[in-house]
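In what follows, a structure is listed as structure tokens, so that the remarks can point back to it.
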Amino acid sequence: MPSIKDLMAPGLSGRTIKIKYIDDFEIEIRYLPRSEMRKIGEKATEYYWDQKDHTRKEKMNSEKFYKDFISKVFVGWNGLKVKTLAKILPIAIENPEMEIPYSEENAIELMREAYDFDTFIQNVVMDIEKFQTEKREEEIKNL
């Protein structure tokens, strides 16, 4: 009798897709299994001693979380222009057509400051249907 682990599609965690966010801003991201997301969260969790109630508490280090998350999920992006960025962040617009290149630092800043972008990326990463190939979708339909 097969186990769920045996039936899981090999290599899905390395599969990438390109997805459009707004205007011509397209992001290439990698699928992240729930187990990997949990590991990222655990690595970014810090513990401290609360002197008031004498208990151990935990808090998420968002810098660690974003750095690890982005290194595992983001492949890159293109089409992010200043005028597009102005739709999701309050920025100074000097050269609206200037393209902002992908870098880990830019991705961290965008995830940290743009609520909708952060939510969009996390929802896409966890949506397995977006990473299924047409062949897999056809196999599933034929079940």
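By order in the structure tokens, chains are A, B, ...; within a chain, residues start at 1; ligands start at 1, following the order shown.
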Which residues, written as a PyMOL selection string, have at least one atom at most 10 Å from stretch 33-38 of chain A, with only C-alpha atoms counted and residues fewer than 5 positions away on the same chain left out?
chain A and resi 12-14+43-44+65+68-69+72-73+122+125-128
Just list as a PDB file with C-alpha atoms, in the first residue's frame whatever in chain A DSSP marks as alpha helix (DSSP H).
```pdb
ATOM      1  CA  ILE A   4       1.334   9.784   0.724  1.00  0.00           C
ATOM      2  CA  LYS A   5       5.064  10.510   0.831  1.00  0.00           C
ATOM      3  CA  ASP A   6       5.621   7.954  -1.984  1.00  0.00           C
ATOM      4  CA  LEU A   7       2.905   9.564  -4.105  1.00  0.00           C
ATOM      5  CA  ARG A  34       4.597  23.633   3.587  1.00  0.00           C
ATOM      6  CA  SER A  35       7.383  21.739   5.363  1.00  0.00           C
ATOM      7  CA  GLU A  36       9.948  24.193   3.968  1.00  0.00           C
ATOM      8  CA  MET A  37       7.812  27.188   4.941  1.00  0.00           C
ATOM      9  CA  ARG A  38       7.631  25.811   8.474  1.00  0.00           C
ATOM     10  CA  LYS A  39      11.437  25.433   8.596  1.00  0.00           C
ATOM     11  CA  ILE A  40      11.885  29.051   7.506  1.00  0.00           C
ATOM     12  CA  GLY A  41       9.515  30.177  10.272  1.00  0.00           C
ATOM     13  CA  GLU A  42      11.280  28.045  12.871  1.00  0.00           C
ATOM     14  CA  LYS A  43      14.711  29.376  11.884  1.00  0.00           C
ATOM     15  CA  SER A  62      11.136  39.312  10.227  1.00  0.00           C
ATOM     16  CA  GLU A  63      14.547  40.138   8.730  1.00  0.00           C
ATOM     17  CA  LYS A  64      15.667  36.504   9.048  1.00  0.00           C
ATOM     18  CA  PHE A  65      12.306  35.292   7.754  1.00  0.00           C
ATOM     19  CA  TYR A  66      12.306  37.506   4.647  1.00  0.00           C
ATOM     20  CA  LYS A  67      15.962  36.797   3.821  1.00  0.00           C
ATOM     21  CA  ASP A  68      15.483  33.023   3.985  1.00  0.00           C
ATOM     22  CA  PHE A  69      12.049  33.100   2.314  1.00  0.00           C
ATOM     23  CA  ILE A  70      13.264  35.245  -0.583  1.00  0.00           C
ATOM     24  CA  SER A  71      16.400  33.177  -1.145  1.00  0.00           C
ATOM     25  CA  LYS A  72      14.275  30.033  -1.450  1.00  0.00           C
ATOM     26  CA  VAL A  73      11.297  31.450  -3.368  1.00  0.00           C
ATOM     27  CA  VAL A  82       9.196  53.311 -10.812  1.00  0.00           C
ATOM     28  CA  LYS A  83       5.658  54.170 -11.983  1.00  0.00           C
ATOM     29  CA  THR A  84       4.530  50.627 -11.091  1.00  0.00           C
ATOM     30  CA  LEU A  85       6.261  50.724  -7.715  1.00  0.00           C
ATOM     31  CA  GLU A 104      17.604  40.182  -2.810  1.00  0.00           C
ATOM     32  CA  GLU A 105      17.750  43.531  -1.022  1.00  0.00           C
ATOM     33  CA  ASN A 106      15.065  45.040  -3.297  1.00  0.00           C
ATOM     34  CA  ALA A 107      12.859  41.975  -2.826  1.00  0.00           C
ATOM     35  CA  ILE A 108      13.227  42.131   0.965  1.00  0.00           C
ATOM     36  CA  GLU A 109      12.326  45.821   0.989  1.00  0.00           C
ATOM     37  CA  LEU A 110       9.302  45.256  -1.248  1.00  0.00           C
ATOM     38  CA  MET A 111       8.046  42.326   0.834  1.00  0.00           C
ATOM     39  CA  ARG A 112       8.593  44.285   4.064  1.00  0.00           C
ATOM     40  CA  GLU A 113       6.903  47.504   2.961  1.00  0.00           C
ATOM     41  CA  TYR A 115       1.344  44.691   2.259  1.00  0.00           C
ATOM     42  CA  ASP A 116      -0.489  43.619  -0.879  1.00  0.00           C
ATOM     43  CA  PHE A 117       2.682  42.363  -2.564  1.00  0.00           C
ATOM     44  CA  ASP A 118       3.686  40.309   0.486  1.00  0.00           C
ATOM     45  CA  THR A 119       0.214  38.754   0.680  1.00  0.00           C
ATOM     46  CA  PHE A 120       0.146  38.099  -3.074  1.00  0.00           C
ATOM     47  CA  ILE A 121       3.520  36.316  -3.065  1.00  0.00           C
ATOM     48  CA  GLN A 122       2.735  34.182  -0.022  1.00  0.00           C
ATOM     49  CA  ASN A 123      -0.633  33.159  -1.508  1.00  0.00           C
ATOM     50  CA  VAL A 124       0.920  32.250  -4.867  1.00  0.00           C
ATOM     51  CA  VAL A 125       3.735  30.256  -3.266  1.00  0.00           C
ATOM     52  CA  GLU A 134      -0.621  21.132 -18.021  1.00  0.00           C
ATOM     53  CA  LYS A 135       0.281  17.436 -18.200  1.00  0.00           C
ATOM     54  CA  ARG A 136      -0.299  17.035 -14.446  1.00  0.00           C
ATOM     55  CA  GLU A 137      -3.584  18.909 -14.712  1.00  0.00           C
ATOM     56  CA  GLU A 138      -4.668  16.550 -17.490  1.00  0.00           C
ATOM     57  CA  GLU A 139      -3.699  13.535 -15.357  1.00  0.00           C
ATOM     58  CA  ILE A 140      -5.753  14.877 -12.476  1.00  0.00           C
ATOM     59  CA  LYS A 141      -8.775  15.520 -14.754  1.00  0.00           C
TER      60      LYS A 141
END
```
Requested in this report: Using DSSP on the backbone coordinates, identify all residues within stretch 6-141 of chain A classified as strand (DSSP E); present the result as a ChimeraX atom specification.
Outcome: /A:16-20,26-30,45-50,55-60,74-78
Same residues, N, CA and C atoms, saved as a PDB file, in the first residue's frame:
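After the write, selection-v3.pdb holds the following:
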```pdb
ATOM      1  N   THR A  16       9.373  26.325 -11.027  1.00  0.00           N
ATOM      2  CA  THR A  16       9.175  27.773 -11.013  1.00  0.00           C
ATOM      3  C   THR A  16       8.071  28.178 -11.979  1.00  0.00           C
ATOM      4  N   ILE A  17       7.496  29.329 -11.694  1.00  0.00           N
ATOM      5  CA  ILE A  17       6.510  29.931 -12.596  1.00  0.00           C
ATOM      6  C   ILE A  17       6.801  31.421 -12.684  1.00  0.00           C
ATOM      7  N   LYS A  18       6.346  32.006 -13.768  1.00  0.00           N
ATOM      8  CA  LYS A  18       6.380  33.460 -13.909  1.00  0.00           C
ATOM      9  C   LYS A  18       4.943  33.918 -13.771  1.00  0.00           C
ATOM     10  N   ILE A  19       4.749  34.894 -12.917  1.00  0.00           N
ATOM     11  CA  ILE A  19       3.398  35.371 -12.665  1.00  0.00           C
ATOM     12  C   ILE A  19       3.383  36.896 -12.673  1.00  0.00           C
ATOM     13  N   LYS A  20       2.365  37.436 -13.314  1.00  0.00           N
ATOM     14  CA  LYS A  20       2.231  38.888 -13.432  1.00  0.00           C
ATOM     15  C   LYS A  20       1.556  39.437 -12.180  1.00  0.00           C
ATOM     16  N   GLU A  26       6.467  41.320 -13.656  1.00  0.00           N
ATOM     17  CA  GLU A  26       6.377  39.861 -13.659  1.00  0.00           C
ATOM     18  C   GLU A  26       7.445  39.300 -12.726  1.00  0.00           C
ATOM     19  N   ILE A  27       7.030  38.367 -11.867  1.00  0.00           N
ATOM     20  CA  ILE A  27       7.920  37.776 -10.883  1.00  0.00           C
ATOM     21  C   ILE A  27       8.072  36.295 -11.199  1.00  0.00           C
ATOM     22  N   GLU A  28       9.300  35.796 -11.133  1.00  0.00           N
ATOM     23  CA  GLU A  28       9.527  34.359 -11.272  1.00  0.00           C
ATOM     24  C   GLU A  28       9.770  33.818  -9.872  1.00  0.00           C
ATOM     25  N   ILE A  29       8.903  32.880  -9.474  1.00  0.00           N
ATOM     26  CA  ILE A  29       9.012  32.321  -8.131  1.00  0.00           C
ATOM     27  C   ILE A  29       9.002  30.802  -8.170  1.00  0.00           C
ATOM     28  N   ARG A  30       9.514  30.230  -7.095  1.00  0.00           N
ATOM     29  CA  ARG A  30       9.670  28.787  -6.948  1.00  0.00           C
ATOM     30  C   ARG A  30       8.630  28.290  -5.937  1.00  0.00           C
ATOM     31  N   THR A  45      12.450  32.228  14.252  1.00  0.00           N
ATOM     32  CA  THR A  45      11.864  32.427  15.574  1.00  0.00           C
ATOM     33  C   THR A  45      12.966  32.552  16.614  1.00  0.00           C
ATOM     34  N   GLU A  46      12.868  33.586  17.405  1.00  0.00           N
ATOM     35  CA  GLU A  46      13.848  33.818  18.468  1.00  0.00           C
ATOM     36  C   GLU A  46      13.133  33.734  19.811  1.00  0.00           C
ATOM     37  N   TYR A  47      13.849  33.231  20.790  1.00  0.00           N
ATOM     38  CA  TYR A  47      13.272  33.069  22.119  1.00  0.00           C
ATOM     39  C   TYR A  47      13.956  34.028  23.101  1.00  0.00           C
ATOM     40  N   TYR A  48      13.174  34.502  24.045  1.00  0.00           N
ATOM     41  CA  TYR A  48      13.725  35.389  25.069  1.00  0.00           C
ATOM     42  C   TYR A  48      12.992  35.144  26.381  1.00  0.00           C
ATOM     43  N   TRP A  49      13.603  35.587  27.454  1.00  0.00           N
ATOM     44  CA  TRP A  49      13.028  35.428  28.782  1.00  0.00           C
ATOM     45  C   TRP A  49      12.317  36.708  29.172  1.00  0.00           C
ATOM     46  N   ASP A  50      11.021  36.594  29.475  1.00  0.00           N
ATOM     47  CA  ASP A  50      10.234  37.747  29.914  1.00  0.00           C
ATOM     48  C   ASP A  50      10.385  37.872  31.427  1.00  0.00           C
ATOM     49  N   THR A  55       8.572  33.867  32.075  1.00  0.00           N
ATOM     50  CA  THR A  55       8.308  32.806  31.099  1.00  0.00           C
ATOM     51  C   THR A  55       9.175  33.015  29.857  1.00  0.00           C
ATOM     52  N   ARG A  56       9.364  31.951  29.168  1.00  0.00           N
ATOM     53  CA  ARG A  56      10.082  32.015  27.893  1.00  0.00           C
ATOM     54  C   ARG A  56       9.070  32.409  26.821  1.00  0.00           C
ATOM     55  N   LYS A  57       9.415  33.409  26.022  1.00  0.00           N
ATOM     56  CA  LYS A  57       8.533  33.882  24.958  1.00  0.00           C
ATOM     57  C   LYS A  57       9.260  33.753  23.626  1.00  0.00           C
ATOM     58  N   GLU A  58       8.477  33.809  22.581  1.00  0.00           N
ATOM     59  CA  GLU A  58       9.074  33.752  21.249  1.00  0.00           C
ATOM     60  C   GLU A  58       8.612  34.941  20.419  1.00  0.00           C
ATOM     61  N   LYS A  59       9.480  35.312  19.489  1.00  0.00           N
ATOM     62  CA  LYS A  59       9.112  36.383  18.573  1.00  0.00           C
ATOM     63  C   LYS A  59       9.765  36.087  17.227  1.00  0.00           C
ATOM     64  N   MET A  60       9.066  36.493  16.179  1.00  0.00           N
ATOM     65  CA  MET A  60       9.547  36.264  14.817  1.00  0.00           C
ATOM     66  C   MET A  60      10.520  37.379  14.434  1.00  0.00           C
ATOM     67  N   PHE A  74      12.171  33.430  -4.473  1.00  0.00           N
ATOM     68  CA  PHE A  74      12.346  34.333  -5.608  1.00  0.00           C
ATOM     69  C   PHE A  74      13.455  33.854  -6.532  1.00  0.00           C
ATOM     70  N   VAL A  75      13.156  33.834  -7.818  1.00  0.00           N
ATOM     71  CA  VAL A  75      14.163  33.564  -8.841  1.00  0.00           C
ATOM     72  C   VAL A  75      14.591  34.898  -9.450  1.00  0.00           C
ATOM     73  N   GLY A  76      13.641  35.795  -9.619  1.00  0.00           N
ATOM     74  CA  GLY A  76      13.931  37.118 -10.163  1.00  0.00           C
ATOM     75  C   GLY A  76      12.650  37.817 -10.564  1.00  0.00           C
ATOM     76  N   TRP A  77      12.806  38.973 -11.189  1.00  0.00           N
ATOM     77  CA  TRP A  77      11.649  39.700 -11.719  1.00  0.00           C
ATOM     78  C   TRP A  77      12.094  40.571 -12.865  1.00  0.00           C
ATOM     79  N   ASN A  78      11.103  41.036 -13.619  1.00  0.00           N
ATOM     80  CA  ASN A  78      11.360  42.030 -14.660  1.00  0.00           C
ATOM     81  C   ASN A  78      10.109  42.894 -14.798  1.00  0.00           C
TER      82      ASN A  78
END
```
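Considering the residues A:Asn61, A:Lys81, A:Tyr31, A:Gln51 and counting only C-alpha atoms, A:Pro96 has its shortest atom-to-atom contact with A:Lys81.
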Checklist line | Two-atom distance - atom CA of A:Phe25, atom CA of A:Glu129 (Å) | finding: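 Here the two named atoms are 21.2 Å from each other.
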